[in-house]
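**Q** Contents of final.cif (mmCIF, C-alpha atoms and all ligand atoms) are given next:
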```
data_upload
loop_
_atom_site.label_atom_id
_atom_site.label_comp_id
_atom_site.auth_asym_id
_atom_site.auth_seq_id
_atom_site.Cartn_x
_atom_site.Cartn_y
_atom_site.Cartn_z
CA MET U 1360 -15.65 -23.72 10.87
CA PRO U 1361 -15.34 -20.84 13.41
CA GLU U 1362 -17.44 -17.87 12.33
CA SER U 1363 -14.48 -15.50 12.11
CA ILE U 1364 -12.72 -17.62 9.43
CA ILE U 1365 -13.44 -16.45 5.88
CA SER U 1366 -13.30 -18.55 2.70
CA LEU U 1367 -12.17 -17.01 -0.60
CA HIS U 1368 -11.86 -19.24 -3.66
CA ASP U 1369 -9.97 -22.36 -2.46
CA LYS U 1370 -8.41 -20.81 0.68
CA GLN U 1371 -9.35 -19.97 4.23
CA PHE U 1372 -8.21 -16.91 6.14
CA ALA U 1373 -8.10 -16.14 9.86
CA PRO U 1374 -8.38 -12.71 11.54
CA TYR U 1375 -4.95 -11.10 11.85
CA LEU U 1376 -4.90 -7.28 12.17
CA PRO U 1377 -8.11 -5.62 13.38
CA TYR U 1378 -9.29 -2.38 11.79
CA GLU U 1379 -8.56 -0.44 15.02
CA GLN U 1380 -4.89 -1.43 14.83
CA LEU U 1381 -4.73 -0.28 11.21
CA THR U 1382 -6.35 3.09 11.95
CA ASP U 1383 -4.11 3.64 15.00
CA ALA U 1384 -1.08 3.17 12.75
CA ILE U 1385 -2.60 5.45 10.11
CA ARG U 1386 -3.23 8.18 12.68
CA ILE U 1387 0.46 8.11 13.68
CA LEU U 1388 1.51 8.14 10.02
CA ALA U 1389 -0.77 11.10 9.26
CA ALA U 1390 0.72 13.10 12.15
CA ARG U 1391 4.22 12.54 10.75
CA LEU U 1392 3.18 13.50 7.22
CA ASN U 1393 1.35 16.63 8.45
CA GLU U 1394 4.58 17.73 10.09
CA ASP U 1395 7.08 16.67 7.40
CA TYR U 1396 5.08 18.06 4.45
CA ALA U 1397 3.83 21.33 5.92
CA GLY U 1398 4.27 24.05 3.26
CA LYS U 1399 5.20 21.54 0.51
CA GLN U 1400 1.76 20.80 -0.97
CA PRO U 1401 2.61 17.14 -1.62
CA LEU U 1402 1.01 14.95 -4.25
CA PHE U 1403 0.03 11.58 -2.78
CA VAL U 1404 0.12 8.85 -5.41
CA ALA U 1405 -1.99 5.88 -4.33
CA VAL U 1406 -1.07 2.58 -5.95
CA LEU U 1407 -4.27 0.83 -7.04
CA ASN U 1408 -6.04 -1.42 -6.54
CA GLY U 1409 -5.00 -2.52 -3.08
CA SER U 1410 -4.35 0.87 -1.47
CA PHE U 1411 -7.76 2.44 -1.94
CA MET U 1412 -8.91 1.92 1.67
CA PHE U 1413 -5.54 2.90 3.12
CA ALA U 1414 -5.41 6.04 0.95
CA ALA U 1415 -8.97 7.04 1.94
CA ASP U 1416 -8.37 6.56 5.68
CA LEU U 1417 -5.04 8.39 5.51
CA MET U 1418 -6.29 11.34 3.44
CA LYS U 1419 -9.11 11.98 5.96
CA ARG U 1420 -6.48 12.53 8.65
CA LEU U 1421 -4.23 14.90 6.69
CA SER U 1422 -4.74 18.56 7.54
CA ILE U 1423 -2.14 20.12 5.20
CA PRO U 1424 -2.92 21.32 1.66
CA CYS U 1425 -2.26 18.27 -0.51
CA GLU U 1426 -3.43 16.45 -3.64
CA VAL U 1427 -4.08 12.82 -4.44
CA ALA U 1428 -3.70 10.89 -7.70
CA PHE U 1429 -3.89 7.23 -8.62
CA ILE U 1430 -1.72 4.85 -10.52
CA ARG U 1431 -2.39 1.21 -11.22
CA VAL U 1432 0.28 -1.42 -11.55
CA ALA U 1433 0.14 -5.19 -11.42
CA SER U 1434 2.77 -7.78 -10.49
CA TYR U 1435 0.84 -10.34 -8.46
CA GLU U 1436 -0.97 -13.38 -9.78
CA GLY U 1437 -2.80 -15.48 -7.18
CA THR U 1438 -0.65 -15.42 -4.05
CA GLY U 1439 2.76 -14.74 -5.59
CA SER U 1440 4.66 -11.86 -7.20
CA THR U 1441 5.59 -12.46 -10.84
CA GLY U 1442 8.56 -10.11 -10.54
CA LYS U 1443 7.43 -8.14 -13.58
CA VAL U 1444 5.63 -4.89 -12.92
CA ARG U 1445 3.17 -3.57 -15.48
CA GLU U 1446 1.65 -0.09 -15.48
CA VAL U 1447 -2.05 -0.66 -16.10
CA LEU U 1448 -3.35 2.86 -15.47
CA GLY U 1449 -0.82 5.63 -15.98
CA LEU U 1450 -0.39 8.77 -13.91
CA GLN U 1451 -1.91 11.78 -15.69
CA GLU U 1452 -0.47 14.49 -13.41
CA ASP U 1453 2.70 16.43 -14.21
CA VAL U 1454 5.07 15.49 -11.38
CA LYS U 1455 7.91 17.85 -12.33
CA GLY U 1456 9.13 19.72 -9.24
CA ARG U 1457 6.50 18.10 -7.03
CA HIS U 1458 6.99 16.41 -3.68
CA LEU U 1459 5.49 12.95 -4.11
CA VAL U 1460 4.51 10.34 -1.55
CA LEU U 1461 3.66 6.91 -2.91
CA LEU U 1462 0.89 5.22 -0.94
CA GLU U 1463 1.23 1.46 -1.07
CA ASP U 1464 -0.93 -1.04 0.84
CA ILE U 1465 1.82 -3.64 1.25
CA VAL U 1466 5.47 -3.96 0.28
CA ASP U 1467 6.57 -7.55 -0.32
CA THR U 1468 9.51 -8.09 -2.70
CA GLY U 1469 9.73 -4.34 -3.34
CA HIS U 1470 9.59 -4.78 -7.15
CA THR U 1471 6.57 -2.49 -7.46
CA ILE U 1472 8.05 0.31 -5.35
CA ARG U 1473 11.45 0.05 -7.05
CA TYR U 1474 9.77 0.39 -10.45
CA LEU U 1475 7.64 3.35 -9.35
CA LEU U 1476 10.51 5.18 -7.61
CA ASP U 1477 12.64 4.92 -10.75
CA MET U 1478 9.79 5.91 -13.05
CA LEU U 1479 8.72 8.96 -11.00
CA SER U 1480 12.25 10.19 -10.33
CA SER U 1481 12.96 10.08 -14.07
CA ARG U 1482 9.96 12.37 -14.61
CA GLY U 1483 11.62 15.14 -12.58
CA ALA U 1484 9.86 14.94 -9.19
CA ALA U 1485 11.51 17.12 -6.53
CA SER U 1486 11.29 14.26 -4.04
CA VAL U 1487 9.68 10.83 -3.87
CA GLU U 1488 9.04 9.02 -0.58
CA VAL U 1489 7.08 5.87 0.18
CA ALA U 1490 4.37 5.38 2.80
CA CYS U 1491 3.14 1.82 3.20
CA LEU U 1492 0.67 0.36 5.63
CA LEU U 1493 2.20 -3.13 5.73
CA ILE U 1494 5.68 -4.37 4.94
CA LYS U 1495 7.20 -7.87 4.89
CA PRO U 1496 10.88 -7.09 5.64
CA GLU U 1497 12.06 -10.68 5.13
CA CYS U 1498 10.71 -10.71 1.55
CA LEU U 1499 12.41 -7.52 0.33
CA GLN U 1500 14.64 -8.05 -2.70
CA HIS U 1501 15.68 -4.42 -3.19
CA GLU U 1502 17.49 -1.87 -1.06
CA LEU U 1503 14.67 0.57 -0.56
CA ASN U 1504 14.62 3.57 1.70
CA ILE U 1505 11.02 3.43 2.87
CA ARG U 1506 10.61 6.40 5.17
CA TYR U 1507 7.05 5.67 6.29
CA ALA U 1508 6.50 1.95 6.90
CA SER U 1509 3.67 1.49 9.40
CA ILE U 1510 3.28 -2.20 10.33
CA SER U 1511 5.87 -4.95 9.75
CA ILE U 1512 4.54 -8.47 9.29
CA PRO U 1513 6.22 -11.84 8.66
CA ASN U 1514 5.98 -13.61 5.31
CA GLU U 1515 2.22 -14.27 5.39
CA PHE U 1516 -0.27 -13.88 2.55
CA VAL U 1517 -2.89 -11.43 3.79
CA VAL U 1518 -6.23 -10.16 2.51
CA GLY U 1519 -8.80 -7.59 3.56
CA TYR U 1520 -8.70 -3.81 3.95
CA GLY U 1521 -8.26 -3.41 0.19
CA LEU U 1522 -6.04 -6.47 -0.34
CA ASP U 1523 -7.39 -9.33 -2.45
CA TYR U 1524 -6.91 -12.96 -3.28
CA ASP U 1525 -7.67 -13.15 -7.01
CA GLY U 1526 -10.21 -10.34 -6.78
CA LEU U 1527 -11.93 -11.35 -3.56
CA GLY U 1528 -11.50 -10.10 0.00
CA ARG U 1529 -10.91 -6.38 -0.56
CA ASN U 1530 -14.14 -5.43 1.19
CA TYR U 1531 -13.30 -6.60 4.73
CA PRO U 1532 -12.28 -3.83 7.19
CA ASP U 1533 -9.85 -6.13 9.04
CA VAL U 1534 -6.76 -7.88 7.65
CA TYR U 1535 -6.82 -11.70 7.54
CA LYS U 1536 -3.98 -14.17 6.95
CA ALA U 1537 -4.04 -17.37 4.91
CA LEU U 1538 -4.33 -20.60 6.91
P1 LIG U 1601 5.90 -6.32 -4.38
O1 LIG U 1601 6.08 -5.69 -5.73
O2 LIG U 1601 6.49 -5.51 -3.24
O3 LIG U 1601 6.37 -7.75 -4.34
O4 LIG U 1601 4.35 -6.47 -4.13
C1 LIG U 1601 3.54 -5.40 -3.99
C2 LIG U 1601 2.12 -5.75 -4.40
O5 LIG U 1601 1.86 -7.15 -4.33
C3 LIG U 1601 1.15 -5.12 -3.42
O6 LIG U 1601 0.75 -3.86 -3.86
C4 LIG U 1601 0.00 -6.10 -3.44
O7 LIG U 1601 -0.85 -5.79 -4.51
C5 LIG U 1601 0.65 -7.42 -3.71
N1 LIG U 1601 0.89 -8.17 -2.47
C6 LIG U 1601 2.06 -8.38 -1.83
N2 LIG U 1601 1.91 -9.11 -0.73
C7 LIG U 1601 0.58 -9.39 -0.65
C8 LIG U 1601 -0.22 -10.12 0.30
O8 LIG U 1601 0.22 -10.66 1.32
N3 LIG U 1601 -1.55 -10.14 0.03
C9 LIG U 1601 -2.11 -9.56 -1.06
N4 LIG U 1601 -3.42 -9.66 -1.19
N5 LIG U 1601 -1.40 -8.87 -1.97
C10 LIG U 1601 -0.05 -8.78 -1.76
#
```
As structure tokens, please, write out the structure in this file.
Ligand code: 5GP
**A**
Amino acid sequence: MPESIISLHDKQFAPYLPYEQLTDAIRILAARLNEDYAGKQPLFVAVLNGSFMFAADLMKRLSIPCEVAFIRVASYEGTGSTGKVREVLGLQEDVKGRHLVLLEDIVDTGHTIRYLLDMLSSRGAASVEVACLLIKPECLQHELNIRYASISIPNEFVVGYGLDYDGLGRNYPDVYKAL
């Protein structure tokens, strides 16, 4: 087995997106957010668990006054979306009148983002936008207006950089795809 291939549970994964490519995209995203949210003191809402590395690397590059909070939802089991989104760790912050930016590691079917957009808008946020690191456009099942989508990928199952396969793989700095 080549050394760069990783094994997690019953699957093997090959290198796909190196860390440098991810941070280049995050730098560009941060520059846009610094400009668009100047004077708005946005609240970034990172969607756990997968987005913790993305959120950390993005926050370090934001130079505007801003806050960060975390929400945890689950819809994936193994390598597939169940279609049902559950809120596992609720958002404590009052979002009324706030400008929110959801930070999502990857958008696949869009069920998670649809659920969160509806939930946060109903709580009286002034605006809610979505920033995602990865998006699989051919898998989307909702009409979503995702203003900040960094890297589009085909319908591959990926791990690394916060993303897991049944709990494993989050710790790798690069993104790998299933073989
Ligand atoms: P959606 O609700 O858009 O179908 O899926 C969003 C969530 O599913 C992501 O936050 C992530 O947790 C998980 N997910 C979607 N695609 C992948 C993938 O390729 N790899 C991994 N590890 N998780 C994924």
**Q** Once you count all atoms listed in the file, which residues end up no further than 9 Å from (0.0, 11.0, -3.8) in the file's frame, shown as a PyMOL selection string?
**A** chain U and resi 1401-1406+1414+1425-1429+1458-1462
**Q** If the limit is 6 Å from any atom of ligand LIG 1601 (chain U), counting all atoms listed in the file, which residues qualify? Return them as a list in words.
**A**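 The neighbouring residues of ligand LIG 1601 (chain U) are, in order, Gly1409, Tyr1435, Ser1440, Asp1464, Ile1465, Val1466, Asp1467, Thr1468, Gly1469, His1470, Thr1471, Glu1515, Phe1516, Val1517, Val1518, Leu1522, Asp1523 and Tyr1524 of chain U.
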**Q** Restricting the calculation to only C-alpha atoms: of U:Gln1451, U:Ser1511, U:Gln1400, U:Ser1410, which residue gets closest to Ala1485 in chain U?
**A**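 Looking only at the distances to Ala1485 in chain U, the closest residue turns out to be U:Gln1400.
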**Q** Quick one, how far is CA of Arg1529 in chain U from CA of Met1418 in chain U?
**A**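 The value is 18.7 Å.
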**Q** Would you mind reading off the distance between CA of Gly1398 in chain U and CA of Arg1420 in chain U, one decimal, in Å?
**A**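 CA of Gly1398 in chain U sits 16.7 Å away from CA of Arg1420 in chain U.
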**Q** As JSON, please report the centre and edge lengths, rounded to one decimal in Å, of the axis-aligned box that holds all listed atoms of range 1399-1403 of chain U with 3 Å of padding on each of the six sides.
**A**
```
{"center_x": 2.6, "center_y": 16.6, "center_z": -1.9, "size_x": 11.2, "size_y": 16.0, "size_z": 10.8}
```
**Q** Write out as a list in words each polymer residue whose atoms come within 12 Å of Gly1528 in chain U, counting only C-alpha atoms; drop sequence neighbours fewer than 4 positions from it.
**A**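 Returned residues: Ile1365, Ser1366, Leu1367, His1368, Lys1370, Gln1371, Phe1372, Gly1409, Val1517, Val1518, Gly1519, Tyr1520, Gly1521, Leu1522, Asp1523, Tyr1524, Pro1532, Asp1533, Val1534, Tyr1535, Lys1536 and Ala1537 of chain U.
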**Q** Residues as selected, C-alpha atoms, written as a PDB file, in the frame of the given file, can you do that?
**A**
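So the final result, stored in out_27.pdb, reads:
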```
ATOM      1  CA  ILE U1365     -13.440 -16.450   5.880  1.00  0.00           C
ATOM      2  CA  SER U1366     -13.300 -18.550   2.700  1.00  0.00           C
ATOM      3  CA  LEU U1367     -12.170 -17.010  -0.600  1.00  0.00           C
ATOM      4  CA  HIS U1368     -11.860 -19.240  -3.660  1.00  0.00           C
ATOM      5  CA  LYS U1370      -8.410 -20.810   0.680  1.00  0.00           C
ATOM      6  CA  GLN U1371      -9.350 -19.970   4.230  1.00  0.00           C
ATOM      7  CA  PHE U1372      -8.210 -16.910   6.140  1.00  0.00           C
ATOM      8  CA  GLY U1409      -5.000  -2.520  -3.080  1.00  0.00           C
ATOM      9  CA  VAL U1517      -2.890 -11.430   3.790  1.00  0.00           C
ATOM     10  CA  VAL U1518      -6.230 -10.160   2.510  1.00  0.00           C
ATOM     11  CA  GLY U1519      -8.800  -7.590   3.560  1.00  0.00           C
ATOM     12  CA  TYR U1520      -8.700  -3.810   3.950  1.00  0.00           C
ATOM     13  CA  GLY U1521      -8.260  -3.410   0.190  1.00  0.00           C
ATOM     14  CA  LEU U1522      -6.040  -6.470  -0.340  1.00  0.00           C
ATOM     15  CA  ASP U1523      -7.390  -9.330  -2.450  1.00  0.00           C
ATOM     16  CA  TYR U1524      -6.910 -12.960  -3.280  1.00  0.00           C
ATOM     17  CA  PRO U1532     -12.280  -3.830   7.190  1.00  0.00           C
ATOM     18  CA  ASP U1533      -9.850  -6.130   9.040  1.00  0.00           C
ATOM     19  CA  VAL U1534      -6.760  -7.880   7.650  1.00  0.00           C
ATOM     20  CA  TYR U1535      -6.820 -11.700   7.540  1.00  0.00           C
ATOM     21  CA  LYS U1536      -3.980 -14.170   6.950  1.00  0.00           C
ATOM     22  CA  ALA U1537      -4.040 -17.370   4.910  1.00  0.00           C
TER      23      ALA U1537
END
```
**Q** Measuring atom to atom with all atoms listed in the file, identify which of U:Leu1493, U:Leu1407, U:Val1487, U:Ile1430 is nearest to Ala1384 in chain U.
**A** U:Leu1493
**Q** Which residue, U:Leu1376, U:Ile1512, U:Val1454, U:Leu1503, has the smallest gap to Leu1479 in chain U when you use all atoms listed in the file?
**A** U:Val1454
